[in-house]
$ cat data-v4.txt   # compact mmCIF, C-alpha atoms and all ligand atoms
# COMPACT_ATOMS: atom_id res chain seq x y z
CA MET O 1 152.10 296.41 19.06
CA PRO O 2 153.84 294.87 22.13
CA ILE O 3 151.53 292.93 24.41
CA GLU O 4 152.42 295.23 27.33
CA ALA O 5 150.97 298.15 25.39
CA LEU O 6 147.70 296.25 24.87
CA CYS O 7 147.64 295.47 28.57
CA GLY O 8 148.27 299.16 29.42
CA ILE O 9 145.44 300.24 27.10
CA GLN O 10 143.07 297.75 28.76
CA LEU O 11 143.95 299.12 32.21
CA ALA O 12 143.64 302.73 31.04
CA LEU O 13 140.15 301.89 29.71
CA TYR O 14 139.18 300.49 33.12
CA ALA O 15 140.44 303.71 34.72
CA ALA O 16 138.36 305.77 32.27
CA GLY O 17 135.30 303.60 33.03
CA TRP O 18 135.63 304.19 36.78
CA ALA O 19 136.16 307.93 36.20
CA LEU O 20 132.89 307.97 34.26
CA ALA O 21 131.17 305.99 37.04
CA ALA O 22 132.52 308.44 39.67
CA TRP O 23 131.05 311.31 37.70
CA LEU O 24 127.66 309.62 37.16
CA ILE O 25 127.12 307.89 40.53
CA VAL O 26 127.69 310.53 43.19
CA GLU O 27 126.85 308.18 46.11
CA GLU O 28 129.67 305.80 45.14
CA ARG O 29 132.23 308.43 44.19
CA PRO O 30 134.96 307.72 46.80
CA ALA O 31 135.16 304.01 45.90
CA MET O 32 135.02 304.72 42.14
CA LEU O 33 137.88 307.22 42.44
CA HIS O 34 140.01 304.65 44.25
CA TRP O 35 139.39 302.13 41.48
CA MET O 36 140.13 304.77 38.89
CA ALA O 37 143.47 305.37 40.66
CA TYR O 38 144.08 301.61 40.63
CA GLY O 39 143.49 301.41 36.86
CA ALA O 40 145.56 304.51 36.14
CA LEU O 41 148.50 303.42 38.33
CA GLN O 42 148.47 299.91 36.90
CA ALA O 43 148.34 301.28 33.37
CA GLY O 44 151.24 303.61 34.24
CA SER O 45 153.30 300.76 35.64
CA VAL O 46 152.70 298.64 32.54
CA PHE O 47 153.65 301.46 30.17
CA LEU O 48 156.78 302.19 32.23
CA ALA O 49 157.79 298.55 31.99
CA LEU O 50 157.67 298.62 28.17
CA PRO O 51 161.10 297.44 26.94
CA ALA O 52 161.64 300.66 25.01
CA LEU O 53 161.30 302.66 28.21
CA SER O 54 162.96 300.41 30.77
CA ALA O 55 166.60 300.82 29.81
CA GLY O 56 167.92 301.65 33.31
CA THR O 57 166.97 300.63 36.82
CA ALA O 58 164.76 303.60 37.57
CA PRO O 59 161.84 302.89 35.16
CA PRO O 60 161.22 299.31 36.37
CA VAL O 61 161.51 300.45 39.97
CA ALA O 62 159.02 303.26 39.28
CA ALA O 63 156.79 300.71 37.56
CA LEU O 64 156.94 298.47 40.59
CA LEU O 65 156.16 301.34 42.96
CA THR O 66 153.12 302.47 40.94
CA SER O 67 151.97 298.89 40.89
CA VAL O 68 152.11 298.67 44.70
CA LEU O 69 150.27 301.96 45.06
CA GLY O 70 147.72 300.75 42.49
CA PHE O 71 146.88 297.69 44.52
CA ALA O 72 146.70 299.77 47.69
CA ALA O 73 144.19 302.08 45.95
CA ALA O 74 142.12 299.11 44.76
CA VAL O 75 141.92 297.52 48.17
CA ARG O 76 141.16 300.82 49.83
CA GLY O 77 138.40 301.33 47.24
CA LEU O 78 137.01 297.95 48.21
CA ASP O 79 137.06 299.00 51.85
CA VAL O 80 135.22 302.24 51.13
CA PHE O 81 132.71 300.38 48.95
CA VAL O 82 131.97 297.77 51.60
CA SER O 83 132.04 299.81 54.80
CA GLY O 84 131.26 303.30 53.50
CA ARG O 85 134.55 304.66 54.83
CA ALA O 86 138.24 303.82 54.55
CA ARG O 87 139.94 302.16 57.49
CA LEU O 88 143.57 302.84 58.11
CA ASP O 89 144.26 299.22 58.88
CA ARG O 90 147.01 297.92 61.09
CA TRP O 91 149.22 296.21 58.52
CA GLY O 92 148.39 297.75 55.17
CA LEU O 93 149.92 301.16 55.72
CA PRO O 94 153.18 300.03 57.42
CA LEU O 95 153.67 297.40 54.73
CA LEU O 96 153.01 299.91 52.02
CA LEU O 97 155.55 302.28 53.53
CA ALA O 98 158.08 299.47 53.99
CA THR O 99 157.63 298.41 50.38
CA GLY O 100 157.99 301.95 49.12
CA THR O 101 161.15 302.47 51.19
CA GLY O 102 162.60 299.17 49.99
CA ILE O 103 161.97 300.01 46.36
CA ALA O 104 163.39 303.50 46.79
CA ALA O 105 166.51 302.01 48.43
CA VAL O 106 166.98 299.65 45.50
CA ALA O 107 166.47 302.52 43.07
CA VAL O 108 169.35 304.36 44.73
CA LEU O 109 171.62 301.41 45.53
CA GLY O 110 170.71 299.48 42.39
CA ARG O 111 173.18 301.51 40.32
CA GLY O 112 175.98 299.31 41.70
CA PRO O 113 176.31 296.28 39.38
CA ALA O 114 176.48 293.64 42.15
CA ILE O 115 173.16 294.52 43.72
CA GLN O 116 171.45 295.35 40.45
CA ALA O 117 171.50 291.84 39.09
CA ARG O 118 170.62 289.80 42.12
CA TRP O 119 168.52 291.86 44.43
CA GLU O 120 166.76 294.39 42.26
CA GLY O 121 163.32 292.79 42.31
CA VAL O 122 163.47 291.18 45.75
CA PRO O 123 162.16 294.00 47.99
CA TYR O 124 159.41 294.67 45.47
CA SER O 125 158.21 291.11 45.16
CA LEU O 126 158.46 290.44 48.86
CA GLY O 127 156.88 293.74 49.95
CA LEU O 128 154.09 293.59 47.40
CA SER O 129 153.31 289.98 48.21
CA LEU O 130 153.17 290.56 51.95
CA MET O 131 151.06 293.67 51.48
CA LEU O 132 148.61 291.87 49.21
CA LEU O 133 148.36 288.91 51.57
CA SER O 134 147.66 291.15 54.54
CA TYR O 135 145.13 293.27 52.61
CA ALA O 136 143.35 290.16 51.37
CA ALA O 137 143.22 288.76 54.91
CA LEU O 138 141.94 292.05 56.33
CA SER O 139 139.32 292.45 53.57
CA TRP O 140 137.85 288.97 54.07
CA ASN O 141 135.65 289.74 57.08
CA PRO O 142 134.25 293.10 55.91
CA LEU O 143 133.40 291.54 52.54
CA ARG O 144 131.87 288.44 54.08
CA ARG O 145 129.53 290.60 56.12
CA SER O 146 127.80 291.85 52.98
CA HIS O 147 128.56 289.16 50.37
CA ARG O 148 128.56 285.41 49.97
CA ALA O 149 131.72 283.34 50.44
CA TRP O 150 132.20 282.62 46.73
CA THR O 151 131.79 286.32 45.77
CA THR O 152 134.38 287.20 48.37
CA THR O 153 136.71 284.49 47.07
CA VAL O 154 136.41 285.72 43.46
CA LEU O 155 137.06 289.30 44.56
CA LEU O 156 140.13 288.43 46.56
CA ALA O 157 141.49 285.74 44.21
CA PRO O 158 143.60 288.22 42.18
CA LEU O 159 145.22 289.47 45.40
CA TRP O 160 146.02 285.98 46.70
CA SER O 161 147.29 284.76 43.32
CA THR O 162 149.44 287.84 42.65
CA ALA O 163 150.94 287.57 46.15
CA LEU O 164 151.74 283.88 45.74
CA LEU O 165 153.24 284.40 42.28
CA GLY O 166 155.35 287.25 43.69
CA LEU O 167 156.69 284.97 46.41
CA LEU O 168 157.35 282.15 43.92
CA SER O 169 159.27 284.54 41.67
CA LEU O 170 161.80 285.00 44.48
CA TRP O 171 162.69 281.34 44.30
CA GLY O 172 166.27 280.91 43.13
CA ARG O 173 166.46 284.51 42.01
CA THR O 174 169.60 285.41 43.94
CA GLU O 175 171.44 282.54 42.24
CA LEU O 176 171.01 284.15 38.82
CA ASP O 177 173.75 286.12 37.11
CA ASP O 178 173.12 289.16 34.93
CA ALA O 179 172.64 287.21 31.72
CA ASP O 180 170.24 284.74 33.35
CA LEU O 181 168.25 287.58 34.80
CA GLN O 182 167.93 289.30 31.44
CA ALA O 183 166.88 286.03 29.83
CA MET O 184 164.32 285.42 32.58
CA ARG O 185 162.92 288.93 32.12
CA ALA O 186 162.58 288.46 28.38
CA ALA O 187 160.88 285.08 28.79
CA ALA O 188 158.47 286.44 31.41
CA ARG O 189 157.27 289.44 29.38
CA THR O 190 154.33 287.83 27.62
CA PRO O 191 153.14 285.64 30.54
CA ASN O 192 153.38 288.66 32.86
CA ALA O 193 151.32 290.83 30.55
CA ILE O 194 148.67 288.10 30.08
CA LEU O 195 148.55 287.50 33.83
CA THR O 196 148.08 291.22 34.50
CA MET O 197 145.29 291.40 31.91
CA VAL O 198 143.46 288.40 33.39
CA MET O 199 143.87 289.49 37.03
CA SER O 200 142.81 293.05 36.32
CA GLY O 201 139.88 291.77 34.27
CA VAL O 202 138.67 289.63 37.19
CA PHE O 203 139.22 292.46 39.64
CA ASN O 204 137.44 295.15 37.62
CA ILE O 205 134.58 293.01 36.35
CA ALA O 206 133.90 291.63 39.83
CA PHE O 207 133.69 295.19 41.18
CA LEU O 208 131.45 296.18 38.32
CA VAL O 209 129.07 293.30 39.08
CA LEU O 210 129.03 294.31 42.77
CA LEU O 211 128.28 297.89 41.80
CA VAL O 212 125.40 296.93 39.51
CA GLY O 213 124.00 294.63 42.23
CA ARG O 214 124.21 297.43 44.76
CA LEU O 215 122.46 299.92 42.44
CA LEU O 216 119.68 297.41 41.71
CA THR O 217 119.16 296.79 45.46
CA ARG O 218 119.01 300.53 46.01
CA LEU O 219 116.44 300.90 43.22
CA ARG O 220 114.32 298.09 44.66
CA GLU O 221 114.53 299.58 48.15
CA GLY O 222 113.80 303.04 46.79
CA ALA O 223 110.50 301.75 45.42
CA ARG O 224 109.52 300.45 48.88
CA VAL O 225 110.86 303.13 51.20
CA ASP O 226 109.27 306.49 51.99
CA HIS O 227 112.04 308.93 51.11
CA LEU O 228 111.18 311.52 53.80
CA THR O 229 110.99 309.24 56.83
CA GLY O 230 113.10 306.25 55.71
CA VAL O 231 110.42 303.75 56.83
CA LEU O 232 108.42 301.56 54.42
CA ASN O 233 105.94 303.34 52.17
CA ARG O 234 102.20 302.66 52.16
CA ARG O 235 102.31 299.92 49.54
CA ALA O 236 105.21 298.10 51.22
CA ILE O 237 103.71 298.21 54.73
CA GLU O 238 100.36 296.97 53.34
CA GLU O 239 102.23 294.05 51.78
CA ARG O 240 103.94 293.36 55.11
CA LEU O 241 100.57 293.37 56.83
CA GLU O 242 99.14 290.94 54.27
CA ALA O 243 102.20 288.70 54.69
CA ALA O 244 101.88 288.81 58.49
CA TRP O 245 98.20 287.90 58.23
CA GLU O 246 99.05 285.01 55.90
CA GLN O 247 101.67 283.77 58.36
CA HIS O 248 99.15 283.95 61.18
CA ARG O 249 96.63 281.98 59.11
CA ARG O 250 99.13 279.23 58.32
CA THR O 251 101.00 278.98 61.62
CA GLY O 252 98.54 280.43 64.10
CA CYS O 253 101.15 282.91 65.36
CA GLY O 254 99.96 286.05 67.15
CA LEU O 255 99.85 289.45 65.50
CA ALA O 256 99.59 293.01 66.78
CA ILE O 257 99.58 296.38 65.08
CA ALA O 258 99.68 299.99 66.23
CA MET O 259 98.62 303.15 64.47
CA MET O 260 100.84 306.04 65.53
CA ASP O 261 99.82 309.61 64.73
CA LEU O 262 101.80 312.77 65.50
CA ASP O 263 99.84 315.19 67.69
CA HIS O 264 98.81 318.64 66.47
CA PHE O 265 101.11 318.26 63.53
CA LYS O 266 99.21 320.86 61.55
CA ARG O 267 100.37 323.45 64.09
CA ILE O 268 104.04 322.77 63.31
CA ASN O 269 103.36 323.28 59.62
CA ASP O 270 101.27 326.39 60.23
CA LEU O 271 103.54 328.04 62.80
CA GLN O 272 107.02 326.95 61.67
CA GLY O 273 106.53 326.16 58.02
CA HIS O 274 106.37 323.03 55.91
CA GLU O 275 110.12 322.45 56.11
CA ALA O 276 109.99 322.22 59.91
CA GLY O 277 107.08 319.79 59.49
CA ASP O 278 109.21 317.66 57.18
CA HIS O 279 112.04 317.65 59.72
CA ALA O 280 109.64 316.51 62.43
CA LEU O 281 108.41 313.69 60.19
CA ALA O 282 111.99 312.66 59.41
CA LEU O 283 112.78 312.60 63.14
CA ALA O 284 109.72 310.45 63.82
CA GLY O 285 110.84 308.03 61.07
CA GLU O 286 114.37 307.89 62.46
CA THR O 287 113.08 307.20 65.99
CA LEU O 288 110.82 304.41 64.74
CA ARG O 289 113.60 302.80 62.71
CA GLU O 290 116.07 302.92 65.56
CA GLN O 291 113.78 301.78 68.35
CA LEU O 292 111.97 298.90 66.68
CA ARG O 293 113.65 295.52 66.31
CA PRO O 294 114.68 294.46 62.78
CA TYR O 295 111.95 291.80 62.59
CA ASP O 296 109.18 294.29 63.47
CA SER O 297 107.81 296.38 60.62
CA VAL O 298 106.98 300.04 60.36
CA GLY O 299 105.67 302.09 57.48
CA ARG O 300 104.15 305.45 56.70
CA TRP O 301 100.41 304.93 56.40
CA GLY O 302 99.84 308.48 55.16
CA GLY O 303 100.56 312.09 56.21
CA GLU O 304 101.76 311.99 59.83
CA GLU O 305 100.38 308.52 60.52
CA PHE O 306 102.51 305.34 60.81
CA LEU O 307 101.61 301.65 61.02
CA LEU O 308 103.67 299.29 63.19
CA ILE O 309 103.46 295.48 63.02
CA TRP O 310 104.63 292.86 65.51
CA LEU O 311 104.55 289.09 64.96
CA SER O 312 104.00 286.73 67.91
CA PRO O 313 103.84 289.59 70.40
CA SER O 314 102.79 289.79 74.03
CA VAL O 315 100.41 292.57 75.07
CA GLU O 316 102.91 293.87 77.62
CA GLY O 317 105.74 293.80 75.06
CA VAL O 318 103.78 295.81 72.49
CA LEU O 319 102.59 298.37 75.05
CA ARG O 320 106.12 298.73 76.42
CA SER O 321 107.45 299.21 72.91
CA CYS O 322 104.91 301.97 72.16
CA GLU O 323 105.63 303.67 75.48
CA ARG O 324 109.34 303.64 74.71
CA LEU O 325 108.69 305.14 71.30
CA ARG O 326 106.41 307.81 72.72
CA GLU O 327 108.97 308.89 75.33
CA SER O 328 111.90 308.69 72.95
CA LEU O 329 110.15 310.82 70.31
CA ALA O 330 109.22 313.53 72.84
CA LEU O 331 112.81 313.61 74.17
CA ARG O 332 114.45 313.73 70.76
CA ALA O 333 112.09 316.46 69.55
CA HIS O 334 112.93 318.49 72.64
CA GLU O 335 116.68 318.03 72.02
CA GLN O 336 116.85 318.27 68.25
CA LEU O 337 113.85 320.30 67.08
CA LYS O 338 113.56 322.52 70.15
CA THR O 339 109.84 322.11 69.86
CA PRO O 340 107.36 319.79 71.57
CA LEU O 341 106.39 316.81 69.43
CA THR O 342 104.27 314.01 70.81
CA ALA O 343 102.45 311.06 69.32
CA SER O 344 99.35 309.02 70.09
CA PHE O 345 99.15 305.26 69.63
CA GLY O 346 96.24 302.93 69.00
CA VAL O 347 97.19 299.30 69.55
CA ALA O 348 95.18 296.29 68.37
CA LEU O 349 95.95 292.64 69.07
CA LEU O 350 94.51 289.84 67.01
CA ARG O 351 91.16 288.48 68.12
CA PRO O 352 89.52 285.18 67.14
CA SER O 353 86.66 287.13 65.56
CA ASP O 354 89.02 288.96 63.14
CA VAL O 355 88.44 287.63 59.63
CA ALA O 356 90.87 289.86 57.74
CA GLU O 357 93.73 292.27 58.44
CA VAL O 358 91.39 295.18 57.85
CA ASP O 359 89.59 294.28 61.12
CA LEU O 360 92.82 294.85 63.02
CA VAL O 361 93.39 298.17 61.26
CA ARG O 362 89.84 299.32 62.10
CA ARG O 363 90.31 298.54 65.79
CA ALA O 364 93.75 300.18 65.90
CA ASP O 365 92.19 303.27 64.30
CA ALA O 366 89.41 303.30 66.89
CA ALA O 367 91.98 303.03 69.71
CA LEU O 368 93.98 305.87 68.15
CA TYR O 369 90.94 308.15 68.07
CA GLN O 370 90.29 307.22 71.65
CA ALA O 371 93.87 308.27 72.54
CA LYS O 372 93.35 311.58 70.71
CA ARG O 373 90.03 312.20 72.44
CA GLU O 374 91.54 311.56 75.84
CA GLY O 375 94.19 314.23 75.46
CA ARG O 376 96.83 312.76 73.04
CA ASP O 377 100.44 311.77 73.92
CA ARG O 378 99.36 308.32 75.10
CA VAL O 379 98.99 304.68 74.14
CA CYS O 380 95.52 303.08 74.03
CA LEU O 381 94.85 299.40 73.58
CA ALA O 382 91.80 298.39 71.57
CA GLY O 383 90.22 295.80 73.81
CA PRO O 384 87.69 293.10 73.41
CA ALA O 385 86.15 295.15 76.15
CA PRO O 386 86.51 298.92 76.52
CA VAL O 387 89.68 300.54 75.25
CA LEU O 388 92.52 300.32 77.83
CA HIS O 389 94.76 303.25 78.57
CA ALA O 390 98.44 302.68 78.91
CA ALA O 391 99.69 306.20 79.61
N1 LIG R 401 105.30 319.04 56.35
C1 LIG R 401 104.52 318.04 56.02
N2 LIG R 401 103.24 318.04 56.44
C2 LIG R 401 102.43 317.01 56.10
C3 LIG R 401 102.89 315.94 55.31
N3 LIG R 401 101.86 315.06 55.14
C4 LIG R 401 100.80 315.57 55.82
N4 LIG R 401 101.14 316.75 56.40
C5 LIG R 401 100.32 317.64 57.20
O1 LIG R 401 99.93 317.03 58.40
C6 LIG R 401 98.82 317.74 58.92
C7 LIG R 401 97.84 316.78 59.58
O2 LIG R 401 96.90 317.55 60.25
P1 LIG R 401 95.64 316.93 60.97
O3 LIG R 401 95.17 315.72 60.23
O4 LIG R 401 94.68 318.06 61.14
O5 LIG R 401 96.16 316.40 62.33
P2 LIG R 401 96.99 317.08 63.51
O6 LIG R 401 97.22 318.53 63.34
O7 LIG R 401 98.23 316.23 63.70
O8 LIG R 401 96.05 316.89 64.74
P3 LIG R 401 95.77 315.59 65.54
O9 LIG R 401 96.13 314.40 64.69
O10 LIG R 401 94.31 315.63 65.85
O11 LIG R 401 96.59 315.64 66.78
C8 LIG R 401 98.22 318.50 57.75
O12 LIG R 401 98.43 319.88 57.93
C9 LIG R 401 99.01 318.00 56.55
O13 LIG R 401 99.21 319.02 55.59
C10 LIG R 401 104.25 316.00 54.84
O14 LIG R 401 104.73 315.10 54.15
N5 LIG R 401 105.01 317.05 55.22

$ encode --input "data-v4.txt" --output "structure tokens"
Amino acid sequence: MPIEALCGIQLALYAAGWALAAWLIVEERPAMLHWMAYGALQAGSVFLALPALSAGTAPPVAALLTSVLGFAAAVRGLDVFVSGRARLDRWGLPLLLATGTGIAAVAVLGRGPAIQARWEGVPYSLGLSLMLLSYAALSWNPLRRSHRAWTTTVLLAPLWSTALLGLLSLWGRTELDDADLQAMRAAARTPNAILTMVMSGVFNIAFLVLLVGRLLTRLREGARVDHLTGVLNRRAIEERLEAAWEQHRRTGCGLAIAMMDLDHFKRINDLQGHEAGDHALALAGETLREQLRPYDSVGRWGGEEFLLIWLSPSVEGVLRSCERLRESLALRAHEQLKTPLTASFGVALLRPSDVAEVDLVRRADAALYQAKREGRDRVCLAGPAPVLHAA
């Protein structure tokens, strides 16, 4: 069996693998389909380049065109995978179009013997190389945002290397006559096929590793995140609280927590149904996630109650933060749920007499009940002295 056929089978198997992944992993479907297209187009281009099939100019030109489109699909898949959506970047599309036009022109003009020998592969090699270089350059930053430098280098290495080899192949090409060109083609068959197998292997396996890493991260996060509200679940927020306490013990840094409880939540469930209650909880979770800073923590303590944690806080900062949340939640509920939804907050700051994190939780709970007793929709601070009212 010719080595090109083996190479084509390998690429077709990659395409089948990505098709299976697209079917199984719904969340990653757009990227998987792009990589499937890459595998299929590359396999097609390799089969078309088989000596038995490439008697005229058209099959190699078609092979080259599918190859260009294959790489475009792969890079676009990478884009979708990294950013969640495909960008129509500045250089990729024009270069792709230019390459396609160049190849089509050669396919038409290439029937004349003079141009066929010398120039046949030039637009392809040049266009493909420039396109790959620009795609690799444009993909660097998006990839670096979510992956380490060496992962990014491995992922983009096949693009850089293929582009450089394409440019090198132009060297001295126009000096060749027909016989030289045929001889060069024959000599390059095996190295070309091996190169394609290695490059595609690196490309596909690197993507597979990224995919597995991403799924594992999602699994790990899934075990820590409350699926309805998107904030940490009870176990995870308890762990955060323990960690914050430990940090305070070792470094002496300040610590504050707040218990937030939605007001008259039972009424929403009773009057509008459980689904409306779930929507209200999801909105509360979204508001908390968006308003708090990344280094603050928030989790669902249970039912319609949330725990918020701040490290090294100031009293004013924490109270301002709760006030902002309270106002933002009421406004969003008015706009999005068309129903009033308010929350009460009980805030507790660390005191020298606290011997464990549970002391903070108890005082935050007491301040929350105070807020409820005093009419709800307010922030109360558990004091050393009487509970302070911030709303
Ligand atoms: N829809 C929905 N309801 C929930 C969920 N978890 C808890 N609840 C409901 O939340 C309600 C809490 O009611 P209560 O503890 O009486 O408190 P409340 O009505 O908010 O009154 P106050 O806290 O005193 O303002 C109960 O009806 C629970 O069934 C949930 O995941 N989804």

$ residues_around --input "data-v4.txt" --residues "Leu41 (chain O)" --least-positions-apart "3" --cutoff "6 Å" --atoms "only C-alpha atoms" --output "number ranges by chain"
O: 37-38, 44, 66, 70

$ residues_near_ligand --input "data-v4.txt" --ligand "ligand LIG 401 (chain R)" --cutoff "7 Å" --atoms "only C-alpha atoms and all ligand atoms" --output "ChimeraX atom specification"
/O:261-267,269,274-278,281,302-304,372,376

$ residues_around --input "data-v4.txt" --residues "Arg320 (chain O)" --least-positions-apart "3" --cutoff "12 Å" --atoms "all atoms listed in the file" --output "list in words"
Gln291, Leu292, Pro313, Ser314, Val315, Glu316, Gly317, Glu323, Arg324, Leu325, Arg326, Glu327, Phe345, Val347, Arg378, Val379, Cys380, Leu381, Ala390 and Ala391 of chain O

$ closest_residue --input "data-v4.txt" --among "O:Gly77, O:Pro352, O:Gly127, O:Pro30" --to "Cys253 (chain O)" --atoms "all atoms listed in the file"
O:Pro352

$ residues_around --input "data-v4.txt" --residues "Ile194 (chain O)" --least-positions-apart "5" --cutoff "9 Å" --atoms "only C-alpha atoms" --output "PyMOL selection string"
chain O and resi 3-4+7+189+199

$ residues_around --input "data-v4.txt" --residues "region 164-171 of chain O" --least-positions-apart "4" --cutoff "8 Å" --atoms "only C-alpha atoms" --output "list in words"
Val122, Ser125, Leu126, Leu128, Ser129 and Trp160 of chain O

$ residues_around --input "data-v4.txt" --residues "Ala206 (chain O)" --least-positions-apart "2" --cutoff "10 Å" --atoms "all atoms listed in the file" --output "compact mmCIF listing (two decimals) with C-alpha atoms, in the coordinates of the input"
# COMPACT_ATOMS: atom_id res chain seq x y z
CA THR O 151 131.79 286.32 45.77
CA THR O 152 134.38 287.20 48.37
CA VAL O 154 136.41 285.72 43.46
CA LEU O 155 137.06 289.30 44.56
CA LEU O 156 140.13 288.43 46.56
CA SER O 200 142.81 293.05 36.32
CA GLY O 201 139.88 291.77 34.27
CA VAL O 202 138.67 289.63 37.19
CA PHE O 203 139.22 292.46 39.64
CA ASN O 204 137.44 295.15 37.62
CA LEU O 208 131.45 296.18 38.32
CA VAL O 209 129.07 293.30 39.08
CA LEU O 210 129.03 294.31 42.77
CA LEU O 211 128.28 297.89 41.80

$ atom_distance --input "data-v4.txt" --atom1 "CA of His227 (chain O)" --atom2 "CA of Arg300 (chain O)"
10.3 Å

$ atom_distance --input "data-v4.txt" --atom1 "CA of Thr153 (chain O)" --atom2 "CA of Arg218 (chain O)"
23.9 Å

$ closest_residue --input "data-v4.txt" --among "O:Asp177, O:Asp79, O:Glu239, O:Glu335" --to "Leu138 (chain O)" --atoms "all atoms listed in the file"
O:Asp79

$ atom_distance --input "data-v4.txt" --atom1 "CA of Phe306 (chain O)" --atom2 "CA of Ser344 (chain O)"
10.5 Å

$ closest_residue --input "data-v4.txt" --among "O:Val75, O:Val82, O:Leu143, O:Leu48" --to "Arg214 (chain O)" --atoms "all atoms listed in the file"
O:Val82

$ closest_residue --input "data-v4.txt" --among "O:Gln10, O:Phe81, O:Met36, O:Arg234" --to "Leu307 (chain O)" --atoms "all atoms listed in the file"
O:Arg234
